[in-house]
>>> print(open('work.txt').read())   # compact mmCIF, C-alpha atoms
# COMPACT_ATOMS: atom_id res chain seq x y z
CA MET W 1 -33.68 -17.10 -24.15
CA PRO W 2 -36.40 -19.80 -24.15
CA ALA W 3 -39.74 -18.98 -25.74
CA PHE W 4 -42.93 -19.68 -23.79
CA SER W 5 -45.80 -21.24 -25.74
CA LYS W 6 -48.65 -23.73 -25.54
CA ASN W 7 -46.29 -26.31 -27.04
CA ASP W 8 -44.59 -26.49 -23.65
CA ILE W 9 -47.75 -28.20 -22.34
CA PRO W 10 -47.92 -31.97 -23.00
CA GLU W 11 -50.17 -32.94 -25.90
CA ASP W 12 -52.78 -34.77 -23.82
CA TRP W 13 -53.22 -31.74 -21.57
CA ARG W 14 -53.41 -29.45 -24.62
CA ARG W 15 -56.30 -31.55 -25.90
CA LEU W 16 -58.07 -31.25 -22.54
CA LEU W 17 -57.51 -27.47 -22.51
CA ARG W 18 -58.07 -26.84 -26.20
CA ASN W 19 -60.79 -24.19 -25.78
CA TYR W 20 -58.84 -22.25 -23.16
CA LEU W 21 -55.65 -22.32 -25.25
CA GLU W 22 -57.47 -20.42 -28.01
CA SER W 23 -58.72 -17.75 -25.60
CA ASN W 24 -57.56 -14.21 -24.86
CA GLU W 25 -56.78 -15.35 -21.32
CA TRP W 26 -54.09 -17.70 -22.62
CA ILE W 27 -52.67 -15.02 -24.93
CA HIS W 28 -52.45 -12.65 -21.92
CA LEU W 29 -50.58 -15.26 -19.86
CA GLU W 30 -48.27 -16.13 -22.74
CA LYS W 31 -47.26 -12.48 -23.26
CA ASN W 32 -46.75 -11.86 -19.54
CA ILE W 33 -44.56 -14.93 -18.99
CA GLN W 34 -42.48 -14.23 -22.09
CA SER W 35 -41.92 -10.68 -20.87
CA VAL W 36 -40.78 -11.87 -17.43
CA LEU W 37 -38.39 -14.38 -19.01
CA GLU W 38 -36.87 -11.68 -21.19
CA GLN W 39 -36.49 -9.14 -18.38
CA ASP W 40 -35.72 -11.24 -15.31
CA PHE W 41 -34.82 -14.77 -16.44
CA ASP W 42 -32.26 -15.55 -13.72
CA SER W 43 -34.70 -14.94 -10.86
CA VAL W 44 -37.58 -17.09 -12.20
CA ARG W 45 -38.35 -20.28 -10.28
CA PRO W 46 -38.71 -23.04 -11.17
CA GLU W 47 -36.69 -22.98 -14.38
CA PRO W 48 -39.00 -22.54 -17.41
CA GLN W 49 -38.55 -26.14 -18.55
CA ASN W 50 -40.17 -27.17 -15.25
CA PHE W 51 -43.22 -24.88 -15.33
CA PHE W 52 -45.35 -27.81 -16.50
CA LYS W 53 -43.47 -30.60 -14.71
CA SER W 54 -46.65 -31.68 -12.88
CA LEU W 55 -48.44 -32.15 -16.22
CA GLN W 56 -45.44 -33.90 -17.79
CA LEU W 57 -45.14 -36.47 -15.00
CA THR W 58 -48.88 -37.07 -14.55
CA PRO W 59 -50.73 -37.61 -17.85
CA VAL W 60 -54.45 -36.86 -17.94
CA SER W 61 -55.27 -40.56 -18.21
CA SER W 62 -53.34 -41.43 -15.02
CA VAL W 63 -54.66 -38.72 -12.66
CA LYS W 64 -56.15 -40.27 -9.51
CA VAL W 65 -55.48 -37.64 -6.84
CA VAL W 66 -55.02 -33.87 -7.08
CA ILE W 67 -53.16 -31.92 -4.39
CA VAL W 68 -53.54 -28.17 -4.82
CA GLY W 69 -50.67 -25.94 -3.69
CA GLN W 70 -50.17 -22.20 -4.06
CA ASP W 71 -46.80 -20.79 -5.12
CA PRO W 72 -43.64 -22.60 -6.15
CA TYR W 73 -41.01 -22.34 -3.42
CA HIS W 74 -39.28 -18.95 -3.74
CA SER W 75 -36.16 -19.96 -1.77
CA PRO W 76 -33.05 -21.04 -3.70
CA ARG W 77 -32.68 -24.70 -4.72
CA LEU W 78 -36.20 -25.83 -3.79
CA ALA W 79 -38.73 -25.32 -6.63
CA GLN W 80 -39.18 -28.31 -8.96
CA GLY W 81 -42.48 -27.59 -10.67
CA LEU W 82 -44.36 -29.96 -8.36
CA ALA W 83 -46.45 -28.63 -5.46
CA PHE W 84 -44.75 -29.25 -2.09
CA SER W 85 -41.88 -31.26 -3.64
CA ILE W 86 -38.19 -30.39 -3.23
CA PRO W 87 -34.96 -32.07 -4.41
CA ALA W 88 -34.02 -35.27 -2.59
CA GLU W 89 -30.61 -33.90 -1.62
CA ILE W 90 -32.15 -31.41 0.84
CA PRO W 91 -31.73 -33.22 4.19
CA PRO W 92 -34.96 -33.67 6.18
CA ASN W 93 -33.20 -32.42 9.31
CA SER W 94 -31.94 -29.21 7.65
CA ARG W 95 -33.35 -25.69 8.02
CA GLU W 96 -34.08 -25.65 4.28
CA PHE W 97 -36.61 -28.48 4.59
CA PRO W 98 -40.04 -26.75 4.45
CA SER W 99 -42.37 -26.99 7.44
CA SER W 100 -45.20 -28.12 5.14
CA LEU W 101 -43.21 -31.20 4.15
CA ARG W 102 -42.27 -31.90 7.76
CA ASN W 103 -45.95 -31.92 8.67
CA ILE W 104 -46.89 -34.03 5.64
CA SER W 105 -44.26 -36.51 6.79
CA LYS W 106 -45.71 -36.49 10.31
CA ALA W 107 -49.19 -37.16 8.95
CA LEU W 108 -47.92 -40.07 6.87
CA ALA W 109 -46.19 -41.57 9.89
CA ILE W 110 -49.31 -41.14 12.05
CA GLU W 111 -51.38 -42.90 9.38
CA GLY W 112 -49.01 -45.87 9.38
CA PHE W 113 -47.15 -45.27 6.12
CA GLY W 114 -43.95 -44.13 7.82
CA PRO W 115 -42.19 -40.78 7.38
CA LEU W 116 -40.84 -39.48 4.09
CA GLY W 117 -37.23 -40.39 3.44
CA ASP W 118 -36.76 -37.09 1.59
CA GLY W 119 -38.87 -34.28 0.16
CA ASP W 120 -38.84 -35.37 -3.48
CA LEU W 121 -42.41 -36.28 -4.46
CA HIS W 122 -41.74 -37.38 -8.04
CA HIS W 123 -42.88 -40.88 -7.08
CA TRP W 124 -46.30 -39.47 -6.14
CA ALA W 125 -46.63 -37.74 -9.52
CA GLU W 126 -45.61 -40.88 -11.38
CA GLN W 127 -48.40 -42.83 -9.63
CA GLY W 128 -51.15 -40.40 -10.63
CA VAL W 129 -50.97 -37.69 -7.96
CA LEU W 130 -51.20 -34.32 -9.74
CA LEU W 131 -49.15 -31.87 -7.65
CA LEU W 132 -50.66 -28.65 -8.96
CA ASN W 133 -49.69 -25.18 -7.80
CA THR W 134 -52.12 -22.35 -8.60
CA ALA W 135 -49.24 -20.20 -9.87
CA LEU W 136 -46.60 -22.06 -11.85
CA SER W 137 -43.78 -19.54 -11.43
CA VAL W 138 -42.44 -17.08 -8.87
CA LYS W 139 -39.65 -14.52 -8.50
CA LEU W 140 -36.78 -15.80 -6.37
CA GLY W 141 -37.18 -14.48 -2.83
CA LYS W 142 -40.64 -12.96 -3.35
CA ALA W 143 -43.71 -15.08 -2.57
CA GLY W 144 -46.79 -14.51 -4.72
CA SER W 145 -44.88 -12.33 -7.16
CA HIS W 146 -46.20 -14.01 -10.33
CA ALA W 147 -49.77 -14.62 -9.19
CA HIS W 148 -50.95 -11.60 -11.21
CA LEU W 149 -49.50 -12.80 -14.52
CA GLY W 150 -52.50 -14.92 -15.50
CA TRP W 151 -51.69 -18.38 -14.17
CA LYS W 152 -55.05 -18.46 -12.37
CA GLY W 153 -57.01 -18.77 -15.61
CA LEU W 154 -54.94 -21.74 -16.77
CA VAL W 155 -55.05 -23.58 -13.46
CA ASP W 156 -58.77 -22.95 -13.01
CA GLN W 157 -59.36 -24.50 -16.41
CA ILE W 158 -57.23 -27.52 -15.52
CA ILE W 159 -59.37 -28.01 -12.41
CA ILE W 160 -62.70 -27.52 -14.22
CA CYS W 161 -61.77 -29.79 -17.14
CA LEU W 162 -60.45 -32.55 -14.89
CA SER W 163 -63.56 -32.41 -12.71
CA LYS W 164 -65.86 -32.71 -15.70
CA GLU W 165 -63.87 -35.26 -17.68
CA LYS W 166 -62.76 -37.55 -14.84
CA PRO W 167 -65.32 -38.61 -12.25
CA GLY W 168 -63.98 -40.26 -9.12
CA LEU W 169 -60.92 -38.11 -8.46
CA THR W 170 -59.72 -37.36 -4.95
CA TRP W 171 -58.91 -33.70 -4.22
CA MET W 172 -56.79 -32.73 -1.23
CA LEU W 173 -57.48 -29.06 -0.48
CA TRP W 174 -55.22 -27.82 2.29
CA GLY W 175 -55.90 -24.29 3.51
CA ALA W 176 -58.13 -21.44 2.37
CA HIS W 177 -56.32 -20.79 -0.90
CA ALA W 178 -56.75 -24.35 -2.17
CA GLN W 179 -60.32 -24.43 -0.86
CA SER W 180 -61.18 -21.37 -2.94
CA LYS W 181 -61.25 -23.85 -5.87
CA LEU W 182 -64.05 -25.89 -4.29
CA ASP W 183 -66.85 -24.54 -6.50
CA LEU W 184 -64.81 -25.37 -9.63
CA ILE W 185 -64.38 -28.97 -8.52
CA LYS W 186 -68.06 -29.32 -7.73
CA THR W 187 -68.87 -28.81 -11.42
CA GLY W 188 -67.85 -32.46 -11.85
CA LYS W 189 -69.45 -35.68 -10.62
CA GLU W 190 -68.39 -38.14 -7.91
CA GLN W 191 -65.46 -36.06 -6.76
CA ASN W 192 -63.94 -37.13 -3.43
CA ILE W 193 -63.07 -33.80 -1.75
CA LEU W 194 -60.89 -33.77 1.38
CA LEU W 195 -60.49 -30.50 3.31
CA SER W 196 -58.07 -29.46 6.07
CA SER W 197 -55.95 -26.59 7.26
CA HIS W 198 -52.67 -25.98 5.42
CA PRO W 199 -49.75 -28.16 6.54
CA SER W 200 -47.26 -25.30 6.95
CA GLY W 201 -46.11 -23.91 10.28
CA LEU W 202 -48.51 -23.59 13.19
CA GLY W 203 -51.43 -23.23 10.78
CA VAL W 204 -51.40 -27.01 10.57
CA TYR W 205 -53.50 -27.14 13.77
CA LYS W 206 -55.92 -24.34 12.88
CA THR W 207 -59.54 -24.47 11.66
CA ASP W 208 -62.15 -27.04 12.58
CA LYS W 209 -60.50 -29.43 10.11
CA PRO W 210 -56.84 -29.46 11.22
CA PHE W 211 -54.20 -31.16 9.09
CA LEU W 212 -52.63 -32.41 12.33
CA GLU W 213 -54.29 -32.64 15.72
CA LYS W 214 -52.53 -31.50 18.89
CA THR W 215 -53.60 -34.77 20.48
CA GLY W 216 -51.48 -36.69 17.97
CA GLY W 217 -53.97 -37.47 15.21
CA SER W 218 -54.08 -36.40 11.58
CA CYS W 219 -56.62 -35.55 8.89
CA LYS W 220 -56.09 -39.06 7.45
CA HIS W 221 -56.20 -37.74 3.91
CA PHE W 222 -53.64 -40.22 2.61
CA SER W 223 -55.51 -43.21 4.04
CA LYS W 224 -58.86 -41.85 2.84
CA ALA W 225 -57.50 -41.37 -0.68
CA ASN W 226 -56.27 -44.97 -0.79
CA ASP W 227 -59.54 -46.29 0.62
CA TRP W 228 -61.39 -44.41 -2.12
CA LEU W 229 -59.11 -45.82 -4.82
CA THR W 230 -59.38 -49.41 -3.66
CA SER W 231 -63.18 -49.10 -3.35
CA ARG W 232 -63.19 -48.23 -7.06
CA GLY W 233 -60.89 -51.11 -8.01
CA LEU W 234 -57.82 -48.90 -8.49
CA LYS W 235 -54.31 -49.35 -7.18
CA PRO W 236 -53.62 -47.31 -4.02
CA ILE W 237 -50.79 -44.78 -3.86
CA GLN W 238 -47.48 -45.83 -2.33
CA TRP W 239 -47.00 -42.62 -0.38
CA VAL W 240 -43.62 -43.53 1.09
CA LYS W 241 -40.86 -45.15 -0.93
CA ALA W 242 -39.25 -48.30 0.39
CA PRO W 243 -36.24 -47.31 2.53
CA THR W 244 -32.79 -47.33 0.96
CA ALA W 245 -29.39 -47.50 2.61
CA ARG W 246 -29.19 -43.72 2.37
CA GLY W 247 -32.75 -43.30 3.65
CA ASN W 248 -32.05 -45.47 6.67
CA ALA W 249 -29.11 -43.24 7.55
CA LEU W 250 -31.25 -40.11 7.70
CA LYS W 251 -32.31 -38.90 11.13
CA GLN W 252 -36.03 -39.43 10.67
CA PRO W 253 -36.94 -38.61 14.30
CA ASP W 254 -35.82 -35.03 13.61
CA LEU W 255 -38.97 -34.63 11.49
CA PHE W 256 -41.02 -34.79 14.67
CA LYS W 257 -39.28 -31.97 16.50
>>> encode(input="work.txt", output="structure tokens")
Amino acid sequence: MPAFSKNDIPEDWRRLLRNYLESNEWIHLEKNIQSVLEQDFDSVRPEPQNFFKSLQLTPVSSVKVVIVGQDPYHSPRLAQGLAFSIPAEIPPNSREFPSSLRNISKALAIEGFGPLGDGDLHHWAEQGVLLLNTALSVKLGKAGSHAHLGWKGLVDQIIICLSKEKPGLTWMLWGAHAQSKLDLIKTGKEQNILLSSHPSGLGVYKTDKPFLEKTGGSCKHFSKANDWLTSRGLKPIQWVKAPTARGNALKQPDLFK
């Protein structure tokens, strides 16, 4: 049975979070997660070695963009430890492919980047896009089931510390849950904050800042993030990987059904 400890967090992130990691809040989270692993290990998603995958793939020094999700996927085979990302082998035209990713792919195509070839967003994380869920674990088949364990304190501190230590970040806050972190982000300086409805299901069109527009437009968050980066002399994000032989064979038009 794996033990859960602060040593699971990459060293650079531990330095950023050093005060929090000595707090009672961290001790509370540590005890709760260890208890869940001991009692219900087989139903925990993602696997414990992937709880901090977003921090492992995106070092503090490389963070350019932060996308705030909510829960890891609670369906089998999907959760990777990266918000919105799923394994590449899940076909885009399958029922398993989440609606949020379908709509993200539509937005990318509308903005001129082309659709996603698959749902694996590791290449975003490796370019400096922190794909941060606000709970880093979930019980298989039960959404929101680990939200009460204490993840909020850790994730709030990640957001506060990043905002204060790194001016000039872009934050994509999709939906009310992500936007509840707005006041934390505003503790920093020069933060580029982009707001829209959540990309899942029909909610994608809701609110006065829709992720997609029924007339065929989008929130343009991906273009706006790249414009912000280039205006600051930074390399823009390659949101869509160059097509491969396998990618060309996928039925991309099915994403737009």
>>> atom_distance(input="work.txt", atom1="atom CA of Asn93 of chain W", atom2="atom CA of Leu130 of chain W")
26.3 Å
>>> residues_around(input="work.txt", residues="segment 215-221 of chain W", least_positions_apart="3", cutoff="7 Å", atoms="only C-alpha atoms", output="tab-separated table (two decimals) with C-alpha atoms, in the coordinates of the input")
chain	number	residue	atom	x	y	z
W	107	ALA	CA	-49.19	-37.16	8.95
W	110	ILE	CA	-49.31	-41.14	12.05
W	111	GLU	CA	-51.38	-42.90	9.38
W	194	LEU	CA	-60.89	-33.77	1.38
W	196	SER	CA	-58.07	-29.46	6.07
W	210	PRO	CA	-56.84	-29.46	11.22
W	211	PHE	CA	-54.20	-31.16	9.09
W	212	LEU	CA	-52.63	-32.41	12.33
W	224	LYS	CA	-58.86	-41.85	2.84
W	225	ALA	CA	-57.50	-41.37	-0.68
>>> residues_near_point(input="work.txt", point="(-31.0, -24.4, 3.3)", cutoff="10 Å", atoms="only C-alpha atoms", output="number ranges by chain")
W: 75-78, 90-91, 94-98
>>> atom_distance(input="work.txt", atom1="atom CA of Gly119 of chain W", atom2="atom CA of Glu213 of chain W")
22.0 Å
>>> closest_residue(input="work.txt", among="W:Val66, W:Leu57, W:Leu101, W:Leu140", to="Phe84 of chain W", atoms="only C-alpha atoms")
W:Leu101
>>> closest_residue(input="work.txt", among="W:Gly114, W:His146, W:Phe51, W:Ser100", to="Pro243 of chain W", atoms="all atoms listed in the file")
W:Gly114
>>> closest_residue(input="work.txt", among="W:Leu195, W:Ala109, W:Val44, W:Val36", to="Lys142 of chain W", atoms="all atoms listed in the file")
W:Val44
>>> residues_near_point(input="work.txt", point="(-68.8, -31.6, -6.5)", cutoff="12 Å", atoms="all atoms listed in the file", output="MDAnalysis selection string")
chainID W and resid 159:160 162:164 166:171 181:194
>>> residues_around(input="work.txt", residues="His28 of chain W", least_positions_apart="6", cutoff="10 Å", atoms="all atoms listed in the file", output="number ranges by chain")
W: 149-151, 153
>>> closest_residue(input="work.txt", among="W:Lys209, W:Lys152, W:His74, W:Lys106", to="Glu25 of chain W", atoms="all atoms listed in the file")
W:Lys152
>>> atom_distance(input="work.txt", atom1="atom CA of Val63 of chain W", atom2="atom CA of Ser105 of chain W")
22.2 Å
>>> residues_around(input="work.txt", residues="Ile237 of chain W", least_positions_apart="5", cutoff="8 Å", atoms="only C-alpha atoms", output="PyMOL selection string")
chain W and resi 124+127+226
